[in-house]
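To keep things clear, I will list the structure first and then write my remarks on it.
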Amino acid sequence: MSNILGLLAALTWPLPMITALFFVLRDRTLKYRIVFAVTSFAGVGAFWMEASTGKWGFIPMAISLMPNVQPGFYKATIPAGAVFVLTVLYLRARKRAAAAAKTAPSDS
């Protein structure tokens, strides 16, 4: 059971990173798109698990930009960069929507 959870964690954490990259590449008005694209793959902290023994742990000071692939080990990094990028993009979209609503003529 612990092997399944370790594998599930290792496969789930990249999803927010890929989603953030997709939205960064889609937004043509974003300055420093390459920096945001790289930041979307930054992870802070890491859960690791050795598949053969079920031994696991957490490294709080781990910073990784690329996934670490080793046979027999699962690693899940907390996608702090992706959360940051998605938050920035959400706030920009909200600001643009508010500005568009303010400039649009009202029907009343």
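By order in the structure tokens, chains are A, B, ...; within a chain, residues start at 1; ligands start at 1, following the order shown.
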Write out as a list in words the residues lying within 9 Å of Gly72 of chain A, counting only C-alpha atoms and excluding same-chain residues fewer than 5 positions away.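 Returned residues: Met49, Glu50, Ala51 and Ser52 of chain A.
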Please report, as a ChimeraX atom specification, each residue of chain A to which DSSP assigns helix (DSSP H, G or I) when run on this structure's backbone. /A:2-12,14-26,33-39,80-103
Which residues are close to segment 31-42 of chain A, i.e. within 8 Å by only C-alpha atoms, leaving aside same-chain residues fewer than 4 positions away? Reply as a ChimeraX atom specification. /A:17-18,20-21,24-25,63-66,79-85
Would you list the contacts of Trp56 of chain A as a list in words, taking every protein, DNA or RNA residue within 10 Å and counting only C-alpha atoms, but skipping same-chain residues closer than 2 positions in sequence?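 The residues that qualify are Ser2, Gly6, Phe47, Trp48, Met49, Glu50, Ala51, Thr53, Gly54, Phe58, Phe73, Tyr74 and Lys75 of chain A.
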To test your reading of the structure, identify every residue in chain A that backbone DSSP assigns to strand (DSSP E or B), and report it as a compact mmCIF listing (two decimals) with N, CA and C atoms, in the first residue's frame.
# COMPACT_ATOMS: atom_id res chain seq x y z
N GLY A 43 10.55 23.46 -6.94
CA GLY A 43 9.90 22.79 -5.83
C GLY A 43 10.66 23.03 -4.55
N VAL A 44 9.94 23.09 -3.43
CA VAL A 44 10.56 23.31 -2.13
C VAL A 44 10.12 22.18 -1.21
N GLY A 45 11.08 21.58 -0.56
CA GLY A 45 10.78 20.45 0.30
C GLY A 45 10.57 19.20 -0.55
N ALA A 46 10.82 18.05 0.03
CA ALA A 46 10.67 16.82 -0.75
C ALA A 46 10.31 15.66 0.17
N PHE A 47 9.30 14.92 -0.25
CA PHE A 47 8.99 13.64 0.37
C PHE A 47 9.69 12.58 -0.47
N TRP A 48 10.30 11.62 0.17
CA TRP A 48 10.96 10.55 -0.56
C TRP A 48 10.55 9.21 0.03
N MET A 49 10.65 8.18 -0.79
CA MET A 49 10.33 6.84 -0.34
C MET A 49 11.17 5.83 -1.10
N GLU A 50 11.72 4.89 -0.37
CA GLU A 50 12.45 3.79 -0.98
C GLU A 50 11.45 2.67 -1.23
N TRP A 56 10.44 5.92 4.33
CA TRP A 56 10.16 7.22 3.75
C TRP A 56 10.62 8.33 4.69
N GLY A 57 10.65 9.55 4.15
CA GLY A 57 11.07 10.70 4.95
C GLY A 57 10.72 12.01 4.24
N PHE A 58 11.05 13.10 4.91
CA PHE A 58 10.79 14.43 4.38
C PHE A 58 12.04 15.27 4.56
N ILE A 59 12.42 15.97 3.50
CA ILE A 59 13.57 16.87 3.55
C ILE A 59 13.03 18.29 3.38
N PRO A 60 12.98 19.09 4.47
CA PRO A 60 12.34 20.41 4.37
C PRO A 60 13.15 21.44 3.57
N MET A 61 14.43 21.33 3.52
CA MET A 61 15.25 22.34 2.86
C MET A 61 15.64 21.96 1.43
N ALA A 62 14.99 21.00 0.85
CA ALA A 62 15.31 20.58 -0.52
C ALA A 62 14.71 21.57 -1.51
N ILE A 63 15.52 22.03 -2.43
CA ILE A 63 15.06 22.90 -3.52
C ILE A 63 15.46 22.21 -4.81
N SER A 64 14.48 21.94 -5.65
CA SER A 64 14.80 21.25 -6.90
C SER A 64 14.10 21.91 -8.06
N PHE A 73 13.46 4.64 -5.97
CA PHE A 73 13.09 5.75 -5.10
C PHE A 73 11.97 6.56 -5.74
N TYR A 74 11.03 6.97 -4.92
CA TYR A 74 9.99 7.91 -5.36
C TYR A 74 10.24 9.21 -4.63
N LYS A 75 10.11 10.31 -5.35
CA LYS A 75 10.30 11.62 -4.74
C LYS A 75 9.18 12.54 -5.18
N ALA A 76 8.58 13.22 -4.23
CA ALA A 76 7.51 14.18 -4.51
C ALA A 76 7.92 15.53 -3.92
N THR A 77 8.04 16.51 -4.77
CA THR A 77 8.43 17.85 -4.36
C THR A 77 7.20 18.73 -4.27
N ILE A 78 7.14 19.57 -3.25
CA ILE A 78 6.02 20.50 -3.10
C ILE A 78 6.19 21.59 -4.16
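Across the structure, atom CA of Ala10 of chain A and atom CA of Arg26 of chain A are spaced 26.0 Å apart.
Atom CA of Ala93 of chain A is found 26.0 Å from atom CA of Thr12 of chain A.
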